[in-house]
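Shown next, in structure tokens, is the structure this report addresses.
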Amino acid sequence: MVRQRCAFCTEHPIEEAAVLRWIGEDRERLTLWLCDRHLRRMQRAGRDGWEHKGKLHKIGWW
């Protein structure tokens with residue numbers, strides 16, 4: 001079942017993505033449903049990550 005909203009906003013998600021979320025050396029590996037806007041933000045941020053509420057996020061777990 002597809003979630004009705006993006007993990008970061010109220011928009012409808014377009015894709016489930018593997019996401020690495022971290023602060024310093026503390027890392028979490030997640031799968032999140034993302035809308036087009038947030039998916040593009042993470043993709044553009046690349047290896048440096050996209051910051052949201054004090055945590056960095058990037059597409060992929062590697």
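Chains: A, B, ... in order of the structure tokens. Residues: from 1 per chain. Ligands: from 1, in order shown.
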Neighbour list for His38 of chain A as a list in words, cut-off 10 Å, only C-alpha atoms, skip fewer than 5 positions in-chain =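 In the requested format, the answer is Cys6, Ala7, Phe8, Cys9, Glu11, Pro13, Trp33, Gln43, Arg44 and Trp50 of chain A.
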Put those residues in a file: C-alpha atoms, as a PDB file, in the first residue's frame.
```pdb
ATOM      1  CA  CYS A   6       5.582  12.309   1.518  1.00  0.00           C
ATOM      2  CA  ALA A   7       7.797  11.664   4.563  1.00  0.00           C
ATOM      3  CA  PHE A   8       8.607  15.428   4.697  1.00  0.00           C
ATOM      4  CA  CYS A   9       5.379  17.170   3.605  1.00  0.00           C
ATOM      5  CA  GLU A  11       2.236  16.016  -0.994  1.00  0.00           C
ATOM      6  CA  PRO A  13       4.660  10.497  -2.863  1.00  0.00           C
ATOM      7  CA  TRP A  33       8.153   7.630   0.414  1.00  0.00           C
ATOM      8  CA  GLN A  43      19.348  13.951  -5.522  1.00  0.00           C
ATOM      9  CA  ARG A  44      20.757  17.470  -6.099  1.00  0.00           C
ATOM     10  CA  TRP A  50      20.188  17.590   2.249  1.00  0.00           C
TER      11      TRP A  50
END
```
Can you work out the spacing between atom CA of Gly54 of chain A and atom CA of Ile14 of chain A in Å, to one decimal?
->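 Computing it gives 24.6 Å between the two atoms.
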Could you state the separation of atom CA of Lys58 of chain A and atom CA of Asp26 of chain A in Å, given to one decimal place?
->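 Atom CA of Asp26 of chain A lies at a distance of 14.1 Å from atom CA of Lys58 of chain A.
Between Lys53 of chain A and the residues A:Arg5, A:Ile23, A:Glu16, A:Thr10, the shortest atom-to-atom distance, using only C-alpha atoms, involves A:Ile23.
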List every residue of chain A that DSSP, applied to the backbone of this structure, places in strand (DSSP E or B), and write the result as a PyMOL selection string.
-> chain A and resi 15-23+26-34+50-52+55-59
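The spacing separating atom CA of His57 of chain A from atom CA of Ala17 of chain A amounts to 11.4 Å.
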Smallest atom-to-atom distance to His12 of chain A: which of A:Leu34, A:Leu39, A:Leu56, A:Ala45, using only C-alpha atoms?
->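 Comparing A:Leu34, A:Leu39, A:Leu56, A:Ala45 against His12 of chain A, the winner is A:Leu34.
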Out of A:Leu20, A:Glu15, A:Lys55, A:Gly49, which residue has the shortest atom-to-atom distance to Arg37 of chain A when counting only C-alpha atoms?
->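 The closest residue to Arg37 of chain A is A:Glu15.
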Would you list, as a list in words, the residues of chain A that end up in alpha helix (DSSP H) under DSSP run on this structure's backbone?
->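 The alpha helix (DSSP H) residues within chain A come out as Asp36, Arg37, His38, Leu39, Arg40, Arg41, Met42, Gln43, Arg44 and Ala45 of chain A.
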